[in-house]
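> If it helps, the file is called structure.cif and holds mmCIF, C-alpha atoms:
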data_my_file
#
loop_
_atom_site.label_atom_id
_atom_site.label_comp_id
_atom_site.auth_asym_id
_atom_site.auth_seq_id
_atom_site.Cartn_x
_atom_site.Cartn_y
_atom_site.Cartn_z
CA MET A 25 3.68 20.72 11.78
CA HIS A 26 0.78 23.09 12.49
CA GLN A 27 0.89 24.54 8.96
CA ILE A 28 0.88 21.04 7.47
CA ALA A 29 -2.12 19.99 9.57
CA THR A 30 -4.15 23.11 8.82
CA SER A 31 -3.37 22.82 5.10
CA TYR A 32 -4.69 19.26 5.06
CA ASP A 33 -7.71 20.27 7.17
CA ALA A 34 -8.68 22.74 4.43
CA MET A 35 -8.39 20.04 1.77
CA ALA A 36 -9.63 17.06 3.79
CA GLU A 37 -12.81 16.25 1.85
CA VAL A 38 -11.18 16.75 -1.55
CA TYR A 39 -8.11 14.75 -0.53
CA ALA A 40 -10.18 11.88 0.83
CA GLU A 41 -12.31 11.77 -2.30
CA ARG A 42 -9.22 11.65 -4.53
CA PHE A 43 -6.97 9.35 -2.51
CA GLY A 44 -8.88 7.85 0.42
CA ASP A 45 -9.60 4.36 -0.90
CA VAL A 46 -7.14 1.50 -1.40
CA GLU A 47 -8.88 0.62 -4.68
CA LEU A 48 -7.92 4.06 -6.04
CA GLN A 49 -4.23 3.41 -5.47
CA HIS A 50 -1.74 2.20 -8.06
CA PRO A 51 -1.64 -1.63 -8.23
CA LEU A 52 2.10 -1.61 -7.50
CA ASP A 53 1.52 0.46 -4.36
CA ARG A 54 -1.08 -2.04 -3.20
CA ALA A 55 1.46 -4.79 -3.83
CA VAL A 56 4.02 -2.96 -1.70
CA PHE A 57 1.63 -2.99 1.25
CA SER A 58 0.83 -6.65 0.70
CA GLY A 59 4.53 -7.45 0.68
CA PHE A 60 5.15 -5.38 3.79
CA ALA A 61 2.34 -7.20 5.59
CA GLY A 62 3.93 -10.48 4.52
CA LEU A 63 7.25 -9.44 6.06
CA LEU A 64 5.50 -8.61 9.33
CA GLU A 65 3.61 -11.91 9.33
CA ARG A 66 6.80 -13.85 8.62
CA ASP A 67 8.31 -12.33 11.75
CA GLY A 68 6.03 -14.62 13.76
CA ALA A 69 4.65 -12.19 16.32
CA THR A 70 1.33 -13.31 17.80
CA ALA A 71 0.11 -9.73 18.28
CA THR A 72 1.71 -7.41 15.74
CA ALA A 73 1.57 -3.71 16.68
CA VAL A 74 1.68 -1.40 13.66
CA ALA A 75 1.35 2.38 13.36
CA ASP A 76 0.28 4.21 10.21
CA LEU A 77 2.11 7.51 10.66
CA GLY A 78 0.45 10.27 8.71
CA CYS A 79 -2.56 8.06 8.10
CA GLY A 80 -4.72 10.68 6.37
CA PRO A 81 -8.26 9.35 5.72
CA GLY A 82 -7.26 5.94 7.07
CA HIS A 83 -7.48 3.67 4.03
CA TRP A 84 -4.03 2.16 4.47
CA SER A 85 -4.62 1.81 8.22
CA ALA A 86 -7.71 -0.26 7.48
CA GLU A 87 -5.80 -2.29 4.91
CA LEU A 88 -3.14 -3.15 7.50
CA ALA A 89 -5.83 -3.99 10.07
CA SER A 90 -7.36 -6.45 7.59
CA TYR A 91 -4.28 -8.63 8.08
CA GLY A 92 -5.10 -8.95 11.76
CA PHE A 93 -2.53 -6.43 12.97
CA ASP A 94 -3.17 -4.18 15.96
CA VAL A 95 -3.13 -0.85 14.10
CA VAL A 96 -3.16 2.77 15.23
CA GLY A 97 -3.41 5.55 12.66
CA ILE A 98 -1.80 8.85 13.65
CA ASP A 99 -2.18 12.17 11.87
CA GLY A 100 -1.97 15.87 12.68
CA SER A 101 -5.07 16.82 10.68
CA ALA A 102 -8.29 16.77 12.66
CA GLY A 103 -10.27 16.96 9.41
CA LEU A 104 -8.66 13.86 7.93
CA LEU A 105 -8.97 11.98 11.21
CA ALA A 106 -12.71 12.71 11.35
CA ILE A 107 -13.07 11.11 7.92
CA ALA A 108 -10.88 8.16 8.93
CA ARG A 109 -12.95 7.46 12.05
CA SER A 110 -16.19 7.71 10.11
CA ARG A 111 -15.06 5.38 7.33
CA HIS A 112 -13.10 2.88 9.44
CA PRO A 113 -14.60 2.65 12.94
CA GLU A 114 -12.83 -0.68 13.51
CA VAL A 115 -9.42 1.07 13.58
CA THR A 116 -7.99 3.29 16.33
CA PHE A 117 -7.02 6.79 15.17
CA GLU A 118 -5.20 9.41 17.21
CA GLN A 119 -4.13 12.98 16.56
CA GLY A 120 -0.42 13.46 17.02
CA ASP A 121 2.89 14.89 15.86
CA LEU A 122 5.16 12.46 14.03
CA GLY A 123 8.14 14.24 15.53
CA ALA A 124 6.97 13.60 19.09
CA LEU A 125 4.98 10.38 19.08
CA ALA A 126 2.95 9.44 22.15
CA LEU A 127 4.21 5.87 21.87
CA ASP A 128 6.53 3.93 24.15
CA ASP A 129 10.07 3.06 23.19
CA ARG A 130 10.31 -0.20 21.20
CA SER A 131 6.53 -0.61 21.21
CA LEU A 132 5.93 -1.29 17.49
CA ASP A 133 6.63 -4.27 15.28
CA GLY A 134 6.07 -2.17 12.19
CA ALA A 135 5.37 1.38 11.06
CA VAL A 136 4.33 3.02 7.81
CA ALA A 137 5.18 6.57 6.74
CA TRP A 138 3.53 6.56 3.33
CA PHE A 139 4.20 9.93 1.68
CA SER A 140 3.99 11.53 5.14
CA LEU A 141 7.65 12.50 5.56
CA ILE A 142 7.73 14.52 2.35
CA HIS A 143 6.59 17.72 4.07
CA THR A 144 9.45 17.66 6.59
CA GLU A 145 12.24 20.07 5.74
CA PRO A 146 15.47 18.19 4.99
CA ALA A 147 17.27 19.84 7.90
CA ALA A 148 14.65 18.48 10.32
CA LEU A 149 14.34 15.00 8.86
CA ASP A 150 17.11 13.31 10.84
CA ARG A 151 15.44 14.12 14.15
CA LEU A 152 12.12 12.83 12.85
CA LEU A 153 13.66 9.58 11.63
CA ARG A 154 15.29 9.02 15.02
CA GLU A 155 11.84 9.38 16.57
CA LEU A 156 10.45 6.73 14.25
CA ALA A 157 13.35 4.43 15.09
CA ARG A 158 12.74 4.99 18.81
CA VAL A 159 9.26 3.47 18.75
CA LEU A 160 10.26 0.40 16.71
CA ARG A 161 11.47 -2.70 18.52
CA PRO A 162 14.82 -4.13 17.40
CA GLY A 163 14.05 -5.95 14.16
CA GLY A 164 10.96 -3.81 13.59
CA LEU A 165 10.22 -2.62 10.06
CA LEU A 166 9.46 0.80 8.60
CA LEU A 167 7.83 1.30 5.19
CA THR A 168 8.42 4.75 3.71
CA GLY A 169 6.80 6.12 0.55
CA PHE A 170 7.95 9.30 -1.20
CA GLN A 171 8.33 11.14 -4.49
CA VAL A 172 11.68 10.29 -6.07
CA GLY A 173 14.19 13.01 -6.90
CA ASP A 174 17.18 13.16 -9.23
CA GLY A 175 20.80 13.75 -8.31
CA THR A 176 21.96 13.50 -4.71
CA GLU A 177 20.06 16.21 -2.82
CA PRO A 178 16.37 16.60 -1.91
CA GLU A 179 14.42 19.03 -4.06
CA ALA A 180 11.42 21.11 -3.03
CA PHE A 181 8.39 20.87 -5.29
CA ASP A 182 4.96 22.46 -5.48
CA HIS A 183 2.78 19.87 -3.75
CA ARG A 184 -0.96 20.34 -4.23
CA VAL A 185 -1.56 20.77 -0.48
CA VAL A 186 1.60 22.19 1.10
CA ARG A 187 5.29 22.44 0.23
CA ALA A 188 7.10 19.11 -0.01
CA TRP A 189 10.42 17.56 -0.96
CA ARG A 190 11.31 14.77 -3.36
CA TRP A 191 14.19 12.51 -2.35
CA PRO A 192 16.82 10.55 -4.30
CA VAL A 193 16.45 6.97 -3.12
CA ASP A 194 20.10 6.52 -2.12
CA THR A 195 20.11 9.77 -0.17
CA LEU A 196 16.99 8.93 1.82
CA SER A 197 18.31 5.42 2.46
CA ARG A 198 21.48 6.90 3.96
CA ARG A 199 19.45 9.24 6.17
CA LEU A 200 17.41 6.28 7.42
CA ALA A 201 20.60 4.30 8.09
CA ALA A 202 22.03 7.18 10.11
CA ALA A 203 18.93 6.98 12.32
CA GLY A 204 19.47 3.26 12.90
CA LEU A 205 17.16 1.97 10.16
CA THR A 206 18.93 -0.28 7.67
CA GLU A 207 17.50 -0.74 4.17
CA VAL A 208 16.18 -4.18 3.32
CA ALA A 209 14.20 -3.37 0.14
CA ARG A 210 13.46 -0.55 -2.29
CA GLY A 211 11.40 0.17 -5.37
CA VAL A 212 10.65 2.95 -7.88
CA ARG A 213 7.77 3.25 -10.31
CA GLN A 214 7.24 5.84 -13.03
CA PRO A 215 4.38 8.36 -12.75
CA ALA A 216 0.94 7.05 -13.57
CA GLU A 217 -1.68 9.13 -15.35
CA GLY A 218 -2.36 12.24 -13.26
CA GLU A 219 0.94 12.00 -11.37
CA ARG A 220 3.89 14.32 -11.93
CA LEU A 221 6.76 12.49 -10.26
CA PRO A 222 8.05 8.94 -9.84
CA GLY A 223 6.98 7.17 -6.66
CA GLY A 224 9.45 5.32 -4.47
CA HIS A 225 9.44 3.18 -1.37
CA LEU A 226 11.98 1.89 1.11
CA VAL A 227 11.61 -0.85 3.70
CA SER A 228 14.05 -0.40 6.56
CA GLN A 229 14.73 -2.36 9.71
CA ARG A 230 15.85 -1.28 13.17
CA THR A 231 18.97 -3.35 13.58
CA ASP A 232 20.34 -2.38 16.99
CA ALA A 233 19.84 -4.73 19.95
#
Rewrite the structure of this file - the entire thing - as C-alpha cells.


Amino acid sequence: MHQIATSYDAMAEVYAERFGDVELQHPLDRAVFSGFAGLLERDGATATAVADLGCGPGHWSAELASYGFDVVGIDGSAGLLAIARSRHPEVTFEQGDLGALALDDRSLDGAVAWFSLIHTEPAALDRLLRELARVLRPGGLLLTGFQVGDGTEPEAFDHRVVRAWRWPVDTLSRRLAAAGLTEVARGVRQPAEGERLPGGHLVSQRTDA
C-alpha cells in the first residue's frame, strides 16, 4: 500500500486536474452514482453512513454528501487528501489503509471502491474484500468500479500511476460473493475518448445476518 500511496502523492496535482471533478466524469459513471445513492435512500435509513474508499481528490465523496449522507473519504495518499480537504471542506477525509480500515464492524450503510481496488494484487484481493464486508452492516451496499478484462483471469496492465489489474466482471463478482457480498447489479461501458479499457461496475450487498 505504501508504494501505491507514494505513487499517487507524486501525481496528486496532475491526477486531480485530470479526474478530480464530477463534471469531468463520463455521464454513465455519474448515472451509476446517482443510482447507487437512490438504492441507499430507498433503504430508509434516517442517517446513512457511507465511506468512499480510495477517495482520491474527494469529488465522489462530495457528490455522495450532496445526497445528505454522512460521508467519510479514506485514502492512503496524503497529497490527494490535502487536495480533497481543500476543495471539499464540508466532507470528512481520513488517511488510511483499505486493507485495515479504522471503522467499526457493521458501521456502514454503504461503501464505494471506485477504481481503488485495481492496484491490489489478485492474490491479496480476497482479504481486502473481506475487510470491506466487515464494515458493512447486513444489507449494506458496496459499489465497485474497475477496468474490465477479457477471459476469466485478472490481467495486469500499465496504469498511468502504478501497476494495476483489469478484471473480468464474472470473476470479480465471484470474488465479492466469496467475501459475503452478493451481486445485485452490474454494468460495462466501452472506452470513451482518452480511455484505453472498458469500464465496469458492480453493486454488491452484504447478505449475512

> With all atoms listed in the file as the atoms that count, which of A:Val38, A:Leu88, A:Ala61, A:Ala148 lies nearest to Val227 of chain A?

A:Ala61

> Mind telling me what the PyMOL selection byres ((chain A and resi 195) around 12) catches here, as a compact mmCIF listing (two decimals) with C-alpha atoms, in the frame of the given file?


# COMPACT_ATOMS: atom_id res chain seq x y z
CA PRO A 146 15.47 18.19 4.99
CA LEU A 149 14.34 15.00 8.86
CA ASP A 150 17.11 13.31 10.84
CA VAL A 172 11.68 10.29 -6.07
CA GLY A 173 14.19 13.01 -6.90
CA ASP A 174 17.18 13.16 -9.23
CA GLY A 175 20.80 13.75 -8.31
CA THR A 176 21.96 13.50 -4.71
CA GLU A 177 20.06 16.21 -2.82
CA PRO A 178 16.37 16.60 -1.91
CA GLU A 179 14.42 19.03 -4.06
CA ARG A 190 11.31 14.77 -3.36
CA TRP A 191 14.19 12.51 -2.35
CA PRO A 192 16.82 10.55 -4.30
CA VAL A 193 16.45 6.97 -3.12
CA ASP A 194 20.10 6.52 -2.12
CA LEU A 196 16.99 8.93 1.82
CA SER A 197 18.31 5.42 2.46
CA ARG A 198 21.48 6.90 3.96
CA ARG A 199 19.45 9.24 6.17
CA LEU A 200 17.41 6.28 7.42
CA ALA A 201 20.60 4.30 8.09
CA ALA A 202 22.03 7.18 10.11
CA GLU A 207 17.50 -0.74 4.17
CA LEU A 226 11.98 1.89 1.11

> Between atom CA of Gly103 of chain A and atom CA of Glu155 of chain A, what is the spacing in Å?

24.4 Å

> List the residues selected by the PyMOL selection byres ((chain A and resi 211) around 10) in the file shown, writing them as an NGL selection string.

:A and (52-53 or 56 or 169 or 193 or 209-210 or 212-213 or 223-227)

> Report, in Å to a single decimal, how far apart atom CA of Asp129 of chain A and atom CA of Ile98 of chain A are.

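Going from atom CA of Ile98 of chain A over to atom CA of Asp129 of chain A covers 16.3 Å.
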
> On this file, the PyMOL selection byres ((chain A and resi 99) around 9) gives some set of residues; write that set as a PyMOL selection string.

chain A and resi 29+76-80+97-98+100-102+104-105+117-122

> What is the atom CA of Arg154 of chain A-atom CA of Gly44 of chain A distance in Å, reported with one decimal?

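Separation between atom CA of Arg154 of chain A and atom CA of Gly44 of chain A: 28.3 Å.
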
> May I ask which of the residues A:Ser58, A:Thr30, A:Ser131, A:Thr231 is the closest one to Ala73 of chain A, counting only C-alpha atoms?

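Closest to Ala73 of chain A, using only C-alpha atoms: A:Ser131.
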
> Find the residues around Phe57 of chain A up to 12 Å (only C-alpha atoms counted), leave out those fewer than 5 positions away in its own chain, and share them as a ChimeraX atom specification.

/A:46,49-52,62-64,76,83-91,134-138,166-169,225-227

> Using only C-alpha atoms, which of the listed residues (A:Ser228, A:Leu165, A:Arg220, A:Ala203) sits closest to Phe181 of chain A?

A:Arg220

> Would you pull segment 102-225 of chain A out of the block just shown and save C-alpha atoms as a PDB file, in the first residue's frame?


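Now in out.pdb:
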ATOM      1  CA  ALA A 102      -1.551  12.414   1.805  1.00  0.00           C
ATOM      2  CA  GLY A 103      -1.194  14.525  -1.341  1.00  0.00           C
ATOM      3  CA  LEU A 104      -4.628  13.622  -2.668  1.00  0.00           C
ATOM      4  CA  LEU A 105      -6.206  14.063   0.756  1.00  0.00           C
ATOM      5  CA  ALA A 106      -4.769  17.575   1.045  1.00  0.00           C
ATOM      6  CA  ILE A 107      -6.490  18.457  -2.233  1.00  0.00           C
ATOM      7  CA  ALA A 108      -9.732  16.788  -1.125  1.00  0.00           C
ATOM      8  CA  ARG A 109      -9.824  18.738   2.145  1.00  0.00           C
ATOM      9  CA  SER A 110      -9.088  21.996   0.363  1.00  0.00           C
ATOM     10  CA  ARG A 111     -11.766  21.506  -2.288  1.00  0.00           C
ATOM     11  CA  HIS A 112     -14.448  19.905  -0.105  1.00  0.00           C
ATOM     12  CA  PRO A 113     -14.170  21.196   3.481  1.00  0.00           C
ATOM     13  CA  GLU A 114     -17.735  20.038   4.210  1.00  0.00           C
ATOM     14  CA  VAL A 115     -16.652  16.366   3.963  1.00  0.00           C
ATOM     15  CA  THR A 116     -14.577  14.370   6.464  1.00  0.00           C
ATOM     16  CA  PHE A 117     -11.406  12.846   4.993  1.00  0.00           C
ATOM     17  CA  GLU A 118      -9.051  10.439   6.733  1.00  0.00           C
ATOM     18  CA  GLN A 119      -5.798   8.778   5.762  1.00  0.00           C
ATOM     19  CA  GLY A 120      -5.998   5.014   5.980  1.00  0.00           C
ATOM     20  CA  ASP A 121      -5.299   1.580   4.549  1.00  0.00           C
ATOM     21  CA  LEU A 122      -8.225  -0.071   2.790  1.00  0.00           C
ATOM     22  CA  GLY A 123      -6.952  -3.425   3.989  1.00  0.00           C
ATOM     23  CA  ALA A 124      -7.136  -2.389   7.646  1.00  0.00           C
ATOM     24  CA  LEU A 125      -9.910   0.154   7.985  1.00  0.00           C
ATOM     25  CA  ALA A 126     -10.246   2.125  11.217  1.00  0.00           C
ATOM     26  CA  LEU A 127     -14.004   1.565  11.140  1.00  0.00           C
ATOM     27  CA  ASP A 128     -16.200  -0.498  13.433  1.00  0.00           C
ATOM     28  CA  ASP A 129     -17.788  -3.750  12.361  1.00  0.00           C
ATOM     29  CA  ARG A 130     -21.153  -3.243  10.606  1.00  0.00           C
ATOM     30  CA  SER A 131     -20.836   0.535  10.845  1.00  0.00           C
ATOM     31  CA  LEU A 132     -21.624   1.492   7.229  1.00  0.00           C
ATOM     32  CA  ASP A 133     -24.824   1.504   5.213  1.00  0.00           C
ATOM     33  CA  GLY A 134     -22.854   1.867   2.009  1.00  0.00           C
ATOM     34  CA  ALA A 135     -19.315   1.975   0.659  1.00  0.00           C
ATOM     35  CA  VAL A 136     -17.718   2.900  -2.654  1.00  0.00           C
ATOM     36  CA  ALA A 137     -14.474   1.482  -4.026  1.00  0.00           C
ATOM     37  CA  TRP A 138     -14.388   3.327  -7.340  1.00  0.00           C
ATOM     38  CA  PHE A 139     -11.320   2.149  -9.268  1.00  0.00           C
ATOM     39  CA  SER A 140      -9.490   1.838  -5.935  1.00  0.00           C
ATOM     40  CA  LEU A 141      -9.200  -1.968  -5.776  1.00  0.00           C
ATOM     41  CA  ILE A 142      -7.448  -2.207  -9.129  1.00  0.00           C
ATOM     42  CA  HIS A 143      -3.985  -1.796  -7.602  1.00  0.00           C
ATOM     43  CA  THR A 144      -4.429  -4.752  -5.239  1.00  0.00           C
ATOM     44  CA  GLU A 145      -2.641  -7.876  -6.413  1.00  0.00           C
ATOM     45  CA  PRO A 146      -5.145 -10.642  -7.183  1.00  0.00           C
ATOM     46  CA  ALA A 147      -3.680 -12.910  -4.506  1.00  0.00           C
ATOM     47  CA  ALA A 148      -4.362 -10.244  -1.860  1.00  0.00           C
ATOM     48  CA  LEU A 149      -7.813  -9.202  -3.038  1.00  0.00           C
ATOM     49  CA  ASP A 150      -9.869 -11.736  -1.081  1.00  0.00           C
ATOM     50  CA  ARG A 151      -8.547 -10.464   2.246  1.00  0.00           C
ATOM     51  CA  LEU A 152      -9.258  -6.890   1.215  1.00  0.00           C
ATOM     52  CA  LEU A 153     -12.820  -7.717   0.168  1.00  0.00           C
ATOM     53  CA  ARG A 154     -13.457  -9.434   3.499  1.00  0.00           C
ATOM     54  CA  GLU A 155     -12.349  -6.221   5.202  1.00  0.00           C
ATOM     55  CA  LEU A 156     -14.837  -4.214   3.162  1.00  0.00           C
ATOM     56  CA  ALA A 157     -17.583  -6.686   4.016  1.00  0.00           C
ATOM     57  CA  ARG A 158     -16.683  -6.433   7.710  1.00  0.00           C
ATOM     58  CA  VAL A 159     -17.517  -2.738   7.947  1.00  0.00           C
ATOM     59  CA  LEU A 160     -20.843  -3.013   6.098  1.00  0.00           C
ATOM     60  CA  ARG A 161     -23.987  -3.744   8.064  1.00  0.00           C
ATOM     61  CA  PRO A 162     -26.102  -6.695   6.879  1.00  0.00           C
ATOM     62  CA  GLY A 163     -27.943  -5.384   3.840  1.00  0.00           C
ATOM     63  CA  GLY A 164     -25.302  -2.716   3.272  1.00  0.00           C
ATOM     64  CA  LEU A 165     -24.219  -1.982  -0.294  1.00  0.00           C
ATOM     65  CA  LEU A 166     -20.815  -1.765  -1.972  1.00  0.00           C
ATOM     66  CA  LEU A 167     -20.238  -0.039  -5.320  1.00  0.00           C
ATOM     67  CA  THR A 168     -17.066  -1.163  -7.075  1.00  0.00           C
ATOM     68  CA  GLY A 169     -15.610   0.384 -10.244  1.00  0.00           C
ATOM     69  CA  PHE A 170     -12.829  -1.217 -12.288  1.00  0.00           C
ATOM     70  CA  GLN A 171     -11.313  -1.712 -15.725  1.00  0.00           C
ATOM     71  CA  VAL A 172     -12.874  -4.739 -17.406  1.00  0.00           C
ATOM     72  CA  GLY A 173     -10.743  -7.648 -18.570  1.00  0.00           C
ATOM     73  CA  ASP A 174     -11.308 -10.450 -21.062  1.00  0.00           C
ATOM     74  CA  GLY A 175     -11.355 -14.173 -20.378  1.00  0.00           C
ATOM     75  CA  THR A 176     -11.595 -15.499 -16.833  1.00  0.00           C
ATOM     76  CA  GLU A 177      -8.458 -14.265 -15.062  1.00  0.00           C
ATOM     77  CA  PRO A 178      -7.322 -10.779 -13.986  1.00  0.00           C
ATOM     78  CA  GLU A 179      -4.703  -9.179 -16.211  1.00  0.00           C
ATOM     79  CA  ALA A 180      -2.034  -6.685 -15.181  1.00  0.00           C
ATOM     80  CA  PHE A 181      -1.840  -3.527 -17.254  1.00  0.00           C
ATOM     81  CA  ASP A 182       0.360  -0.444 -17.377  1.00  0.00           C
ATOM     82  CA  HIS A 183      -1.655   2.058 -15.353  1.00  0.00           C
ATOM     83  CA  ARG A 184      -0.519   5.676 -15.665  1.00  0.00           C
ATOM     84  CA  VAL A 185       0.260   5.932 -11.933  1.00  0.00           C
ATOM     85  CA  VAL A 186       1.152   2.468 -10.635  1.00  0.00           C
ATOM     86  CA  ARG A 187       0.640  -1.138 -11.706  1.00  0.00           C
ATOM     87  CA  ALA A 188      -2.982  -2.275 -11.798  1.00  0.00           C
ATOM     88  CA  TRP A 189      -5.185  -5.187 -12.802  1.00  0.00           C
ATOM     89  CA  ARG A 190      -8.243  -5.388 -15.031  1.00  0.00           C
ATOM     90  CA  TRP A 191     -10.940  -7.855 -14.006  1.00  0.00           C
ATOM     91  CA  PRO A 192     -13.481  -9.943 -15.937  1.00  0.00           C
ATOM     92  CA  VAL A 193     -16.849  -8.996 -14.465  1.00  0.00           C
ATOM     93  CA  ASP A 194     -17.916 -12.555 -13.635  1.00  0.00           C
ATOM     94  CA  THR A 195     -14.610 -13.291 -11.939  1.00  0.00           C
ATOM     95  CA  LEU A 196     -14.715 -10.209  -9.726  1.00  0.00           C
ATOM     96  CA  SER A 197     -18.359 -10.898  -8.895  1.00  0.00           C
ATOM     97  CA  ARG A 198     -17.413 -14.378  -7.678  1.00  0.00           C
ATOM     98  CA  ARG A 199     -14.594 -12.968  -5.552  1.00  0.00           C
ATOM     99  CA  LEU A 200     -17.026 -10.498  -3.972  1.00  0.00           C
ATOM    100  CA  ALA A 201     -19.527 -13.304  -3.321  1.00  0.00           C
ATOM    101  CA  ALA A 202     -16.851 -15.372  -1.602  1.00  0.00           C
ATOM    102  CA  ALA A 203     -16.317 -12.442   0.773  1.00  0.00           C
ATOM    103  CA  GLY A 204     -20.030 -12.320   1.602  1.00  0.00           C
ATOM    104  CA  LEU A 205     -21.031  -9.638  -0.910  1.00  0.00           C
ATOM    105  CA  THR A 206     -23.730 -10.791  -3.315  1.00  0.00           C
ATOM    106  CA  GLU A 207     -24.128  -9.078  -6.682  1.00  0.00           C
ATOM    107  CA  VAL A 208     -27.303  -7.084  -7.207  1.00  0.00           C
ATOM    108  CA  ALA A 209     -26.341  -5.086 -10.326  1.00  0.00           C
ATOM    109  CA  ARG A 210     -23.595  -4.723 -12.918  1.00  0.00           C
ATOM    110  CA  GLY A 211     -22.699  -2.639 -15.938  1.00  0.00           C
ATOM    111  CA  VAL A 212     -19.993  -2.244 -18.605  1.00  0.00           C
ATOM    112  CA  ARG A 213     -19.304   0.681 -20.895  1.00  0.00           C
ATOM    113  CA  GLN A 214     -16.847   0.899 -23.764  1.00  0.00           C
ATOM    114  CA  PRO A 215     -13.816   3.220 -23.525  1.00  0.00           C
ATOM    115  CA  ALA A 216     -14.502   6.890 -24.064  1.00  0.00           C
ATOM    116  CA  GLU A 217     -12.076   9.187 -25.853  1.00  0.00           C
ATOM    117  CA  GLY A 218      -8.768   9.139 -23.970  1.00  0.00           C
ATOM    118  CA  GLU A 219      -9.509   5.824 -22.247  1.00  0.00           C
ATOM    119  CA  ARG A 220      -7.826   2.544 -23.138  1.00  0.00           C
ATOM    120  CA  LEU A 221     -10.055  -0.050 -21.489  1.00  0.00           C
ATOM    121  CA  PRO A 222     -13.756  -0.678 -20.864  1.00  0.00           C
ATOM    122  CA  GLY A 223     -15.086   0.484 -17.514  1.00  0.00           C
ATOM    123  CA  GLY A 224     -17.222  -1.739 -15.326  1.00  0.00           C
ATOM    124  CA  HIS A 225     -19.122  -1.535 -12.074  1.00  0.00           C
TER     125      HIS A 225
END
